[in-house]
$ cat entry38.cif   # mmCIF, C-alpha atoms and all ligand atoms
data_model
#
loop_
_atom_site.label_atom_id
_atom_site.label_comp_id
_atom_site.auth_asym_id
_atom_site.auth_seq_id
_atom_site.Cartn_x
_atom_site.Cartn_y
_atom_site.Cartn_z
CA MET A 830 -70.09 24.29 124.68
CA ALA A 831 -71.17 27.93 124.42
CA GLU A 832 -68.51 30.52 123.65
CA LEU A 833 -67.74 32.96 126.44
CA LYS A 834 -68.13 36.67 125.76
CA GLU A 835 -64.95 38.74 125.76
CA ASP A 836 -64.33 40.90 128.84
CA LYS A 837 -65.14 44.61 128.50
CA THR A 838 -61.85 45.88 129.95
CA ASN A 839 -59.08 48.12 128.73
CA GLU A 840 -56.77 45.20 128.03
CA PRO A 841 -55.57 44.82 124.43
CA LYS A 842 -57.84 42.87 122.12
CA VAL A 843 -56.47 39.87 120.22
CA ASP A 844 -56.98 41.71 116.92
CA ASP A 845 -54.71 44.52 118.14
CA ILE A 846 -52.12 42.03 119.32
CA LYS A 847 -52.28 40.28 115.97
CA ALA A 848 -51.77 43.54 114.09
CA ALA A 849 -48.73 44.43 116.22
CA ALA A 850 -47.33 40.90 115.87
CA GLU A 851 -47.54 41.14 112.08
CA GLU A 852 -44.98 43.97 112.24
CA LYS A 853 -42.26 41.54 113.35
CA GLY A 854 -39.99 40.41 110.55
CA CYS A 855 -39.80 36.71 111.38
CA PRO A 856 -42.85 34.41 111.74
CA VAL A 857 -41.45 32.76 114.88
CA GLN A 858 -41.01 36.21 116.42
CA LYS A 859 -44.57 37.09 115.37
CA ALA A 860 -45.88 34.04 117.25
CA LYS A 861 -43.71 34.77 120.30
CA TYR A 862 -44.87 38.39 120.47
CA TYR A 863 -48.49 37.33 120.12
CA ILE A 864 -48.27 34.69 122.86
CA VAL A 865 -46.45 36.97 125.32
CA GLU A 866 -49.04 39.72 124.84
CA PHE A 867 -51.91 37.25 124.97
CA LEU A 868 -50.63 35.74 128.23
CA SER A 869 -50.20 39.11 129.87
CA GLY A 870 -53.56 40.48 128.69
CA PRO A 871 -56.60 38.76 127.21
CA MET A 872 -55.84 35.20 128.41
CA CYS A 873 -58.22 34.82 131.38
CA GLY A 874 -57.22 31.32 132.53
CA ARG A 875 -60.77 29.91 132.58
CA CYS A 876 -60.01 26.91 130.39
CA LEU A 877 -57.03 24.57 130.30
CA PRO A 878 -56.36 24.08 126.56
CA CYS A 879 -55.80 27.83 126.25
CA SER A 880 -54.11 28.64 129.56
CA LEU A 881 -51.74 25.66 129.68
CA GLY A 882 -51.30 25.67 125.91
CA SER A 883 -50.29 29.33 125.74
CA TYR A 884 -47.86 28.88 128.60
CA GLU A 885 -46.18 25.89 126.98
CA ALA A 886 -46.19 27.55 123.54
CA ASN A 887 -44.28 30.45 125.04
CA LEU A 888 -41.51 28.12 126.25
CA ARG A 889 -41.40 26.17 122.99
CA LEU A 890 -41.10 29.38 120.97
CA ASP A 891 -38.19 30.48 123.18
CA ASN A 892 -36.38 27.27 122.23
CA LEU A 893 -36.83 28.02 118.54
CA LEU A 894 -35.75 31.65 118.88
CA GLU A 895 -32.70 30.96 120.99
CA GLY A 896 -31.10 28.19 118.95
CA ARG A 897 -32.22 25.12 120.94
CA GLY A 898 -35.32 24.26 118.94
CA SER A 899 -36.12 20.69 117.89
CA GLU A 900 -38.73 18.68 116.02
CA ALA A 901 -40.36 18.08 119.42
CA ASP A 902 -40.94 21.83 119.84
CA VAL A 903 -42.64 22.17 116.46
CA ALA A 904 -44.75 19.04 117.09
CA ALA A 905 -45.74 20.43 120.49
CA LEU A 906 -46.74 23.80 118.99
CA ARG A 907 -48.87 22.02 116.40
CA ARG A 908 -50.54 19.90 119.10
CA ILE A 909 -51.12 22.92 121.36
CA ALA A 910 -52.69 24.95 118.54
CA SER A 911 -54.95 22.03 117.51
CA GLU A 912 -56.11 21.48 121.09
CA MET A 913 -56.74 25.20 121.56
CA LEU A 914 -58.70 25.35 118.33
CA VAL A 915 -61.02 22.56 119.46
CA GLY A 916 -61.11 23.02 123.23
CA SER A 917 -60.91 26.76 123.87
CA LEU A 918 -64.02 28.18 125.49
CA CYS A 919 -63.95 31.48 123.67
CA LYS A 920 -62.94 33.09 120.39
CA LYS A 921 -59.78 34.57 121.90
CA GLY A 922 -58.23 31.13 122.39
CA LYS A 923 -59.37 29.93 118.97
CA ASP A 924 -57.96 33.05 117.27
CA THR A 925 -54.66 32.53 119.06
CA ALA A 926 -54.53 28.95 117.82
CA LYS A 927 -55.23 30.09 114.25
CA PHE A 928 -52.45 32.65 114.47
CA MET A 929 -49.97 30.02 115.67
CA LEU A 930 -50.95 27.67 112.85
CA GLU A 931 -50.70 30.35 110.14
CA TRP A 932 -46.97 29.88 109.47
CA MET A 933 -46.58 26.30 110.66
CA ASP A 934 -46.50 24.73 107.19
CA THR A 935 -44.28 27.25 105.44
CA GLY A 936 -40.98 25.65 106.45
CA VAL A 937 -39.85 28.61 108.52
CA TYR A 938 -40.10 26.71 111.82
CA GLN A 939 -38.09 23.86 110.30
CA GLU A 940 -35.40 26.30 109.21
CA HIS A 941 -35.03 27.56 112.77
CA ILE A 942 -34.52 23.98 113.95
CA GLU A 943 -31.79 23.67 111.35
CA GLY A 944 -30.09 26.82 112.65
CA ARG A 945 -31.28 29.46 110.25
CA CYS A 946 -33.69 32.40 110.43
CA PRO A 947 -34.61 33.03 106.78
CA ASP A 948 -35.46 36.66 107.58
CA ARG A 949 -32.18 37.14 109.44
CA LYS A 950 -33.97 38.59 112.45
CA CYS A 951 -33.27 36.03 115.18
CA LEU A 952 -30.00 36.94 116.87
CA ALA A 953 -29.06 33.34 117.68
CA TYR A 954 -28.66 32.62 113.96
CA ILE A 955 -26.92 35.70 112.57
CA GLU A 956 -23.64 37.54 112.82
CA TYR A 957 -22.36 40.94 111.72
CA ARG A 958 -19.33 41.04 109.43
CA ILE A 959 -17.39 43.73 107.57
CA ILE A 960 -16.69 43.25 103.87
CA PRO A 961 -12.95 44.08 103.69
CA GLU A 962 -13.06 45.25 100.06
CA LYS A 963 -15.74 47.83 100.86
CA CYS A 964 -14.26 49.19 104.09
CA THR A 965 -12.60 52.60 103.69
CA LEU A 966 -11.28 52.68 107.29
CA CYS A 967 -13.37 55.72 108.23
CA GLY A 968 -13.89 54.47 111.78
CA LEU A 969 -17.56 55.47 112.09
CA CYS A 970 -18.59 51.94 113.04
CA LYS A 971 -16.03 51.82 115.83
CA ASP A 972 -17.31 55.14 117.20
CA ALA A 973 -20.91 53.86 117.06
CA CYS A 974 -20.23 50.55 118.80
CA LYS A 975 -20.81 50.81 122.55
CA HIS A 976 -19.56 47.29 123.18
CA GLY A 977 -15.96 47.54 122.02
CA ALA A 978 -16.66 44.95 119.35
CA VAL A 979 -15.09 46.76 116.38
CA LEU A 980 -11.40 46.31 115.81
CA GLY A 981 -9.44 48.68 113.55
CA GLU A 982 -7.62 51.98 113.17
CA LYS A 983 -8.83 54.97 111.20
CA ARG A 984 -6.87 55.66 108.04
CA LYS A 985 -4.36 58.49 108.27
CA ALA A 986 -3.65 60.19 104.96
CA TYR A 987 0.14 60.03 105.30
CA LEU A 988 0.35 56.38 106.41
CA GLY A 989 -0.26 53.13 104.55
CA GLY A 990 -0.46 49.49 105.54
CA TYR A 991 -3.74 49.56 107.46
CA ARG A 992 -5.91 46.47 107.84
CA PRO A 993 -9.68 46.61 107.21
CA PHE A 994 -11.88 46.89 110.27
CA GLU A 995 -13.21 43.71 111.85
CA ILE A 996 -16.01 42.76 114.22
CA ARG A 997 -15.09 40.68 117.24
CA GLN A 998 -17.91 38.16 117.35
CA LYS A 999 -17.52 37.37 121.05
CA LYS A 1000 -18.13 41.00 122.00
CA CYS A 1001 -20.82 41.80 119.42
CA VAL A 1002 -24.37 41.97 120.82
CA LYS A 1003 -25.89 42.42 117.32
CA CYS A 1004 -27.43 45.81 118.05
CA ASP A 1005 -27.15 47.01 114.42
CA GLU A 1006 -25.70 50.43 115.34
CA CYS A 1007 -22.52 49.97 113.28
CA ARG A 1008 -24.39 48.91 110.15
CA LYS A 1009 -26.66 51.97 110.37
CA VAL A 1010 -23.73 54.41 110.27
CA CYS A 1011 -21.46 52.76 107.69
CA PRO A 1012 -21.44 55.03 104.63
CA GLU A 1013 -20.13 52.25 102.36
CA GLU A 1014 -22.70 49.56 103.25
CA ALA A 1015 -19.68 47.47 104.17
CA ILE A 1016 -21.32 45.81 107.18
CA VAL A 1017 -23.57 42.86 106.45
CA ILE A 1018 -25.71 40.39 108.38
CA LEU A 1019 -24.91 36.76 107.63
CA ASP A 1020 -26.24 33.34 108.63
CA ILE A 1021 -23.88 31.82 111.18
CA LYS A 1022 -24.74 28.32 110.06
CA LYS A 1023 -23.99 28.86 106.38
CA LYS A 1024 -20.47 30.21 107.02
CA GLU A 1025 -20.94 32.47 104.02
CA PRO A 1026 -17.80 34.06 102.55
CA VAL A 1027 -17.65 37.80 103.13
CA GLY A 1028 -17.07 39.60 99.85
CA VAL A 1029 -18.38 42.19 97.45
S1 LIG B 1 -59.98 30.39 125.54
FE1 LIG B 1 -60.99 32.21 126.34
S2 LIG B 1 -61.92 31.49 128.23
FE2 LIG B 1 -60.36 30.00 127.74
S3 LIG B 1 -58.52 30.72 128.87
FE3 LIG B 1 -58.44 31.50 126.75
S4 LIG B 1 -59.27 33.53 126.91
FE4 LIG B 1 -59.94 32.44 128.76
S1 LIG B 2 -18.06 52.45 108.96
FE1 LIG B 2 -17.91 51.04 107.23
S2 LIG B 2 -16.32 51.91 105.91
FE2 LIG B 2 -16.14 52.89 107.93
S3 LIG B 2 -14.62 51.66 109.03
FE3 LIG B 2 -16.62 50.82 109.54
S4 LIG B 2 -16.96 49.20 108.04
FE4 LIG B 2 -15.30 50.45 107.28
S1 LIG B 3 -23.77 45.09 115.89
FE1 LIG B 3 -23.63 46.44 117.69
S2 LIG B 3 -22.28 45.34 119.12
FE2 LIG B 3 -22.00 44.40 117.11
S3 LIG B 3 -20.24 45.45 116.25
FE3 LIG B 3 -22.07 46.51 115.51
S4 LIG B 3 -22.41 48.18 116.97
FE4 LIG B 3 -20.98 46.73 117.93
#

$ encode --input "entry38.cif" --output "structure tokens"
Amino acid sequence: MAELKEDKTNEPKVDDIKAAAEEKGCPVQKAKYYIVEFLSGPMCGRCLPCSLGSYEANLRLDNLLEGRGSEADVAALRRIASEMLVGSLCKKGKDTAKFMLEWMDTGVYQEHIEGRCPDRKCLAYIEYRIIPEKCTLCGLCKDACKHGAVLGEKRKAYLGGYRPFEIRQKKCVKCDECRKVCPEEAIVILDIKKKEPVGV
């Protein structure tokens, strides 16, 4: 079947979407960004492998990003990309399929199923913690946190017996503001799944 010509509109081209997607730190986030932009722009809906495939891929990627991913999601993404590669009417669909397949065999999708984002970018799999030995009780992180998630009292020169600051996980939205202001690099991002010890 002949390939359709791309529309001459102002909508973003797949190459531009790909370049912007590459900026994302995690391959699953790259794919999600690409698919969302593709669906809202260049995807014209004229053939089913691409239109239905992109729509389903979007949902499957959400599962992986939000901590409910399974083998079935990865298998579905592989099937969708293969069908798009063969059955898409134009280069846009085929390029999208190639982009989805690019990271499929690197193990990064599997790691998300197992509860870990190797790049520590997906919020469902990380938490912020304060290394007690590094914390000097300056209070800058508490001032920076707009969610009331930092627990602790600033050190007063004439008083002892203070406890290091802590992050209340239930209140933390993982916005990174506290880590940016800590002068001691005492705030770290850890894998939730690994239950890593916090230490220097
Ligand atoms: S492959 Fe091309 S023609 Fe088919 S839906 Fe996607 S963008 Fe449209
Ligand atoms: S900004 Fe850093 S050093 Fe200061 S209280 Fe927070 S964690 Fe401790
Ligand atoms: S990551 Fe954001 S919400 Fe969480 S403790 Fe730091 S500033 Fe507060």

$ residues_near_ligand --input "entry38.cif" --ligand "ligand LIG 3 (chain B)" --cutoff "12 Å" --atoms "all atoms listed in the file" --output "PyMOL selection string"
chain A and resi 952+955-959+968-981+994-1011+1015-1019

$ closest_residue --input "entry38.cif" --among "A:Cys964, A:Ile1021, A:Leu868, A:Ala910" --to "ligand LIG 2 (chain B)" --atoms "only C-alpha atoms and all ligand atoms"
A:Cys964

$ residues_near_ligand --input "entry38.cif" --ligand "ligand LIG 1 (chain B)" --cutoff "10 Å" --atoms "only C-alpha atoms and all ligand atoms" --output "VMD selection string"
chain A and resid 832 to 836 843 867 to 868 870 to 883 913 to 926

$ closest_residue --input "entry38.cif" --among "A:Val857, A:Lys1022, A:Pro993, A:Arg907" --to "ligand LIG 2 (chain B)" --atoms "all atoms listed in the file"
A:Pro993

$ residues_near_point --input "entry38.cif" --point "(-34.9, 37.8, 108.9)" --cutoff "10 Å" --atoms "all atoms listed in the file" --output "VMD selection string"
chain A and resid 853 to 856 858 945 to 952 954 to 955 1018 1020

$ closest_residue --input "entry38.cif" --among "A:Lys927, A:Lys861, A:His941, A:Arg992" --to "Asn887 of chain A" --atoms "all atoms listed in the file"
A:Lys861

$ atom_distance --input "entry38.cif" --atom1 "atom CA of Ala849 of chain A" --atom2 "atom CA of Leu893 of chain A"
20.4 Å

$ atom_distance --input "entry38.cif" --atom1 "atom CA of Glu962 of chain A" --atom2 "atom CA of Glu982 of chain A"
15.7 Å

$ closest_residue --input "entry38.cif" --among "A:Ala860, A:Ile846, A:Ala953, A:Val865" --to "Leu930 of chain A" --atoms "only C-alpha atoms"
A:Ala860

$ atom_distance --input "entry38.cif" --atom1 "atom CA of Glu852 of chain A" --atom2 "atom CA of Glu900 of chain A"
26.3 Å
